Amino acid sequence: YVIKADSIKAHVQPTMYGIFFEDINMAADGGVYAELVKNRSFEFGDNLMGWTVHQQNVGKGTVKVIDRTTERPENPHFITLDVTEGTYGLTNEGFRGMGIKQGENYSFSVLARQHASSKVKLLVELVDTKGTVIGHAELNPDDTNWKRYNVKFKATATVEKASLNVWGKHTGSIDLDMISLFPEHTWRNRPGGLRADLVQKLYDLKPGFLRFPGGCIVEGRDLTNRYQWKKSIGDIDKRENIINRWNTEFKHRLTTDYYQTFGLGFMEYFMTAEDIGADPLPILNCGMACQFNTGQLVPMDQLDPYLQDALDLIEFANGSTDTKWGKLRADLGHPKPFNLKLMGVGNEQWGEQYIERWKVFEKAIKSKYPYMKLVSSVGPDPDGSKFDFLNATLRGFHADILDEHYYRAPKWFLDNVKRYDNYDRKGPKIFAGEYAAQSVNGGSPDNKNNWQCAMSEAAFMTGLERNADVVNMASYAPLFAHVEGWQWTPDLIWFDNLRSYGTPNYYVQQQYSVNKGTDVVPITLNNETVTGQDGAFASAVLDGRTHELVIKFINTAKTAHQASFVVKGTKGLKPAGTVTTLQSDNLDAINSLTGDTVSPKKQSIATANNTIKLNLKPYSFSVIRVKLN
Ligand code: AHR
């Protein structure tokens, strides 16, 4: 293989490899949002979803759900707990249980209001599956007006599926709402924050961007249940809960308890993006509900509120604190702008209806904020008629960035490594916004995050990298999945209530991201790009920051590959470098909560005469780094 280190073909954008976040598979509520109480504000389902009302030892009483829709339409329900004898109350089951860690402090909070002359005390207990108390605290609500009460306590055991008792002691009546329990230790230790282990996994990807909040949930099954960013910021008890678009998705994996509390809302997304060094990329509804569901459309003459949401979001993210929305950002604790440069208009929308609406968004956003780059959807069928229509039309309108999605067989990824070789270099940039190789087929619950899929993605990504002048962004999807509450496979990171693991696909994404370099240089075999000859796929970049050459090489063959990389156009190579390898002889190999089968292994390598000689194992993805003289 010959690498011409002095022949730069393209610059790699800092945004090249990023993250696609969607609240699917319990990614947010029950996932990265560390709230442990399910249905804290009594808005899910029949209002008591997740709660069991009962007595402790000897006790009598009632729990009534009260509706105050007129007064508080965004959080209409609370409960009245009447204790008539002994100790009476209710238990929360958590999201598939509550993951509790021994020695960790937990922060309980509640909005409460005593009825006149009542003095109901609250006893809070964390219990394991046998009912043994593993942490407790007491509160004495003392006001007949709504007031928030907080108490912290330590857990004495690690339990994957704990539950939370909230007992009323002493006869009387008390109103309760927003019953909440968080671990004290969250990402950056923000109160009411995010699960640290899961955000750490995102941080470790060193992502160029964070796309949020989806995915189809941007659109909603219907327009009432679309994602509205303005309802996702500010006090958490004012964020209106809605049913998640992925509730009851796929009959064989029914989840009837999937709601969005928006505890993870737009402010949290922006701050997380900032924390992990990623450019924020919000995707907004463009007046169209999910076309796989109701496909509701907002009439063109009623599109204004949707457009205004987009314009206001830019002011919220970037505006000075003298502006209405910029001031709100500051009031929420972030006076510094978020430096928003990218925004998506719609997700997987198609047809003339999309183009009509897209044009309105494009014109208004560009005339007010010419620096904004807009991401435009080209539909979910990369080889079909919807795609062709949108691709041609949006190119005709000189769209900035086209968002392509593909969930295909591993073979498709190998066969499509040249997909971008002939794209118009002067046309729109490409965002490979959602992709994953599927071991069985799209929609199958049996898809596995196996090594064959991950390796085929690695091979395909050489084509993204070689074409970095056209492909500016790429993200695997979906990102997260709870092992007991998912709708979609495969997914990049799996977790239960206490643990998480990166799939082989995760490590592929990570290797590309941490080795993205700055400039693409050619790597050839017999003067041809390396796109599958004898099962080999390769790309090469220079890293201008470290003055290194980085070669990515995928050997998809079942035999080892003796490779010799001759580097031309350089004063020479340093005598030593490294190779990091992901490999398994077993194409079905997967990682799990109990350990990784496929994970990066780093070794030193030697160079001589501007040449690197390596024995590349069967079914392997290698990243070679060597400093240039
Ligand atoms: O990633 C899962 C779903 O796939 C996304 O919500 C949607 O955009 C695509 O169809």
# chains A, B, ... in the order shown; residues from 1 in each chain; ligands from 1
call {"tool": "residues_around", "arguments": {"residues": "stretch 483-498 of chain A", "least_positions_apart": "3", "cutoff": "8 Å", "atoms": "only C-alpha atoms", "output": "ChimeraX atom specification"}}
result
/A:24-26,31,96-101,160-161,246,249-250,253,255,436-438,443-449,476-480,501-503,505-506,593
call {"tool": "residues_around", "arguments": {"residues": "stretch 571-586 of chain A", "least_positions_apart": "4", "cutoff": "10 Å", "atoms": "only C-alpha atoms", "output": "CSV table (one decimal) with N, CA and C atoms, in the first residue's frame"}}
result
chain,number,residue,atom,x,y,z
A,5,ALA,N,2.0,11.2,1.6
A,5,ALA,CA,1.7,12.1,2.7
A,5,ALA,C,1.7,13.6,2.3
A,450,ASN,N,-23.1,-7.2,16.7
A,450,ASN,CA,-22.0,-8.1,16.7
A,450,ASN,C,-20.8,-7.6,15.9
A,451,TRP,N,-19.7,-8.3,15.9
A,451,TRP,CA,-18.5,-7.8,15.3
A,451,TRP,C,-18.6,-7.7,13.8
A,452,GLN,N,-19.4,-8.6,13.2
A,452,GLN,CA,-19.5,-8.5,11.7
A,452,GLN,C,-20.2,-7.1,11.4
A,454,ALA,N,-20.2,-4.3,13.2
A,454,ALA,CA,-19.2,-3.2,13.6
A,454,ALA,C,-18.1,-3.1,12.6
A,455,MET,N,-17.6,-4.3,12.1
A,455,MET,CA,-16.5,-4.3,11.2
A,455,MET,C,-16.9,-3.7,9.8
A,504,PRO,N,-19.1,-3.4,20.2
A,504,PRO,CA,-18.0,-3.3,19.3
A,504,PRO,C,-18.2,-2.0,18.3
A,507,TYR,N,-16.9,1.0,19.9
A,507,TYR,CA,-15.4,1.2,19.8
A,507,TYR,C,-15.0,1.6,18.4
A,508,VAL,N,-15.7,1.1,17.4
A,508,VAL,CA,-15.4,1.6,16.0
A,508,VAL,C,-15.6,3.1,15.9
A,511,GLN,N,-12.8,4.8,17.7
A,511,GLN,CA,-11.5,4.8,17.1
A,511,GLN,C,-11.5,5.8,15.9
A,548,GLU,N,1.4,13.5,12.8
A,548,GLU,CA,1.3,12.0,12.7
A,548,GLU,C,0.6,11.6,11.4
A,549,LEU,N,0.9,10.5,10.9
A,549,LEU,CA,0.2,9.8,9.9
A,549,LEU,C,-0.7,8.8,10.6
A,550,VAL,N,-2.0,8.7,10.2
A,550,VAL,CA,-2.9,7.7,10.8
A,550,VAL,C,-3.5,6.9,9.7
A,551,ILE,N,-3.3,5.6,9.7
A,551,ILE,CA,-3.9,4.7,8.7
A,551,ILE,C,-5.0,3.9,9.4
A,552,LYS,N,-6.1,3.8,8.7
A,552,LYS,CA,-7.2,2.9,9.2
A,552,LYS,C,-7.3,1.8,8.2
A,553,PHE,N,-7.2,0.6,8.7
A,553,PHE,CA,-7.2,-0.6,7.8
A,553,PHE,C,-8.1,-1.7,8.3
A,554,ILE,N,-9.0,-2.1,7.5
A,554,ILE,CA,-10.0,-3.2,7.9
A,554,ILE,C,-9.7,-4.4,7.0
A,555,ASN,N,-9.4,-5.5,7.7
A,555,ASN,CA,-9.2,-6.7,7.0
A,555,ASN,C,-10.5,-7.6,7.2
A,558,LYS,N,-11.1,-13.8,6.2
A,558,LYS,CA,-11.0,-14.7,7.3
A,558,LYS,C,-9.6,-15.2,7.5
A,559,THR,N,-8.7,-14.6,6.7
A,559,THR,CA,-7.3,-15.0,6.8
A,559,THR,C,-6.5,-13.7,7.1
A,567,VAL,N,5.4,4.9,2.8
A,567,VAL,CA,4.9,6.2,3.0
A,567,VAL,C,5.8,7.1,2.1
A,590,ILE,N,-20.1,-10.4,20.6
A,590,ILE,CA,-20.7,-9.2,21.1
A,590,ILE,C,-20.1,-8.9,22.5
A,597,THR,N,-15.9,-8.4,24.8
A,597,THR,CA,-15.2,-9.4,24.0
A,597,THR,C,-14.4,-8.7,22.9
A,598,VAL,N,-14.9,-7.6,22.4
A,598,VAL,CA,-14.2,-6.8,21.4
A,598,VAL,C,-13.9,-5.4,22.0
A,599,SER,N,-12.7,-5.1,22.1
A,599,SER,CA,-12.3,-3.8,22.6
A,599,SER,C,-10.9,-3.4,22.1
A,600,PRO,N,-10.6,-2.1,22.1
A,600,PRO,CA,-9.3,-1.7,21.5
A,600,PRO,C,-8.1,-2.3,22.3
A,601,LYS,N,-7.1,-2.8,21.5
A,601,LYS,CA,-5.8,-3.2,22.1
A,601,LYS,C,-4.7,-2.5,21.4
A,602,LYS,N,-3.9,-1.8,22.2
A,602,LYS,CA,-2.8,-1.0,21.6
A,602,LYS,C,-1.5,-1.6,21.7
A,603,GLN,N,-0.7,-1.6,20.7
A,603,GLN,CA,0.7,-2.1,20.7
A,603,GLN,C,1.6,-1.2,20.0
A,604,SER,N,2.9,-1.3,20.3
A,604,SER,CA,4.0,-0.6,19.6
A,604,SER,C,4.3,-1.2,18.3
A,605,ILE,N,4.7,-0.4,17.3
A,605,ILE,CA,5.2,-1.0,16.1
A,605,ILE,C,6.4,-0.3,15.7
A,606,ALA,N,7.2,-0.9,14.8
A,606,ALA,CA,8.5,-0.3,14.3
A,606,ALA,C,8.3,0.0,12.8
A,607,THR,N,9.0,1.0,12.4
A,607,THR,CA,9.1,1.4,11.0
A,607,THR,C,10.5,1.3,10.5
A,608,ALA,N,10.7,1.1,9.2
A,608,ALA,CA,12.0,1.1,8.6
A,608,ALA,C,11.9,1.5,7.2
A,609,ASN,N,12.8,2.4,6.8
A,609,ASN,CA,12.8,2.8,5.4
A,609,ASN,C,11.5,3.4,4.9
A,610,ASN,N,10.9,4.2,5.7
A,610,ASN,CA,9.6,4.8,5.3
A,610,ASN,C,8.5,3.8,5.1
A,611,THR,N,8.7,2.6,5.7
A,611,THR,CA,7.7,1.5,5.5
A,611,THR,C,7.3,0.9,6.9
A,612,ILE,N,6.0,0.6,6.9
A,612,ILE,CA,5.5,-0.1,8.1
A,612,ILE,C,5.0,-1.5,7.6
A,614,LEU,N,3.2,-5.0,8.6
A,614,LEU,CA,2.3,-5.5,9.7
A,614,LEU,C,1.6,-6.8,9.2
A,616,LEU,N,-1.8,-8.2,9.6
A,616,LEU,CA,-3.1,-7.8,10.1
A,616,LEU,C,-4.0,-9.0,10.2
A,617,LYS,N,-4.5,-9.1,11.4
A,617,LYS,CA,-5.3,-10.4,11.7
A,617,LYS,C,-6.6,-10.5,10.9
A,618,PRO,N,-7.1,-11.7,10.8
A,618,PRO,CA,-8.4,-11.9,10.2
A,618,PRO,C,-9.4,-11.0,10.9
A,619,TYR,N,-10.4,-10.6,10.2
A,619,TYR,CA,-11.5,-9.8,10.8
A,619,TYR,C,-11.0,-8.8,11.8
A,620,SER,N,-10.3,-7.9,11.3
A,620,SER,CA,-9.7,-6.9,12.2
A,620,SER,C,-9.8,-5.4,11.7
A,621,PHE,N,-9.9,-4.5,12.6
A,621,PHE,CA,-9.9,-3.1,12.3
A,621,PHE,C,-8.7,-2.5,13.0
A,622,SER,N,-7.7,-2.0,12.3
A,622,SER,CA,-6.5,-1.5,12.9
A,622,SER,C,-6.3,0.0,12.6
A,623,VAL,N,-5.9,0.7,13.6
A,623,VAL,CA,-5.6,2.1,13.5
A,623,VAL,C,-4.1,2.3,13.8
A,624,ILE,N,-3.3,2.7,12.7
A,624,ILE,CA,-1.9,2.8,12.8
A,624,ILE,C,-1.5,4.3,13.0
A,625,ARG,N,-0.7,4.6,13.9
A,625,ARG,CA,-0.3,6.0,14.1
A,625,ARG,C,1.2,6.0,14.1
A,626,VAL,N,1.8,6.9,13.3
A,626,VAL,CA,3.2,7.0,13.2
A,626,VAL,C,3.6,8.5,13.1
A,627,LYS,N,4.6,9.0,13.9
A,627,LYS,CA,5.0,10.4,13.7
A,627,LYS,C,5.8,10.5,12.5
A,628,LEU,N,5.7,11.7,11.8
A,628,LEU,CA,6.5,12.0,10.7
A,628,LEU,C,7.7,12.8,11.1
A,629,ASN,N,8.8,12.7,10.4
A,629,ASN,CA,10.0,13.5,10.8
A,629,ASN,C,9.7,14.9,10.4
call {"tool": "residues_around", "arguments": {"residues": "A:Phe361", "least_positions_apart": "5", "cutoff": "9 Å", "atoms": "only C-alpha atoms", "output": "ChimeraX atom specification"}}
result
/A:286,306-307,310,345,366
call {"tool": "residues_near_ligand", "arguments": {"ligand": "ligand 1", "cutoff": "7 Å", "atoms": "only C-alpha atoms and all ligand atoms", "output": "list in words"}}
result
Glu22, Gly214, Gly215, Cys216, Ile217, Asn347, Glu348, Pro380, Glu434, Ala477, Pro478 and Trp488 of chain A
call {"tool": "select_by_dssp", "arguments": {"residues": "stretch 255-420 of chain A", "states": "strand (DSSP E or B)", "output": "PyMOL selection string"}}
result
chain A and resi 259-260+279-284+288+297+342-345+373-377+401-408
call {"tool": "residues_around", "arguments": {"residues": "stretch 191-204 of chain A", "least_positions_apart": "4", "cutoff": "7 Å", "atoms": "only C-alpha atoms", "output": "MDAnalysis selection string"}}
result
chainID A and resid 32:35 182 184 186:187 276
call {"tool": "atom_distance", "arguments": {"atom1": "atom CA of A:Val166", "atom2": "atom CA of A:Leu123"}}
result
5.9 Å
call {"tool": "select_by_dssp", "arguments": {"residues": "stretch 163-279 of chain A", "states": "alpha helix (DSSP H)", "output": "PyMOL selection string"}}
result
chain A and resi 196-203+216-219+266-275
call {"tool": "closest_residue", "arguments": {"among": "A:Thr321, A:Thr132, A:Ser500, A:Gln302", "to": "A:Asn591", "atoms": "only C-alpha atoms"}}
result
A:Ser500
call {"tool": "residues_around", "arguments": {"residues": "A:Asn165", "least_positions_apart": "2", "cutoff": "10 Å", "atoms": "only C-alpha atoms", "output": "list of chain:residue names"}}
result
A:Trp51, A:Thr52, A:Val53, A:His54, A:Gln56, A:Tyr88, A:Gly89, A:Leu90, A:Thr91, A:Asn92, A:Glu93, A:Leu122, A:Leu123, A:Val124, A:Glu125, A:Leu126, A:Val127, A:Gly131, A:Val133, A:His136, A:Ser163, A:Trp167, A:Gly168
call {"tool": "atom_distance", "arguments": {"atom1": "atom CA of A:Pro213", "atom2": "atom CA of A:Asp23"}}
result
7.0 Å
call {"tool": "atom_distance", "arguments": {"atom1": "atom CA of A:Leu176", "atom2": "atom CA of A:Arg113"}}
result
6.7 Å
call {"tool": "closest_residue", "arguments": {"among": "A:Trp229, A:Lys327, A:Thr261, A:Leu342", "to": "A:Pro370", "atoms": "only C-alpha atoms"}}
result
A:Leu342
call {"tool": "closest_residue", "arguments": {"among": "A:Gly61, A:Gly287, A:Pro183, A:Gly351", "to": "A:Thr224", "atoms": "only C-alpha atoms"}}
result
A:Gly287
call {"tool": "closest_residue", "arguments": {"among": "A:Asp29, A:Glu362, A:Glu528, A:Asp469", "to": "A:Lys9", "atoms": "only C-alpha atoms"}}
result
A:Asp469
call {"tool": "residues_around", "arguments": {"residues": "A:Arg239", "least_positions_apart": "3", "cutoff": "12 Å", "atoms": "only C-alpha atoms", "output": "list in words"}}
result
Ser41, Glu43, Arg72, Pro73, Glu74, Asn75, Pro76, Met178, Tyr227, Gln228, Trp229, Lys230, Lys231, Ser232, Ile233, Gly234, Asp235, Ile236, Ile242, Gln260, Thr261, Phe262, Gly263, Leu264, Gly265 and Phe266 of chain A
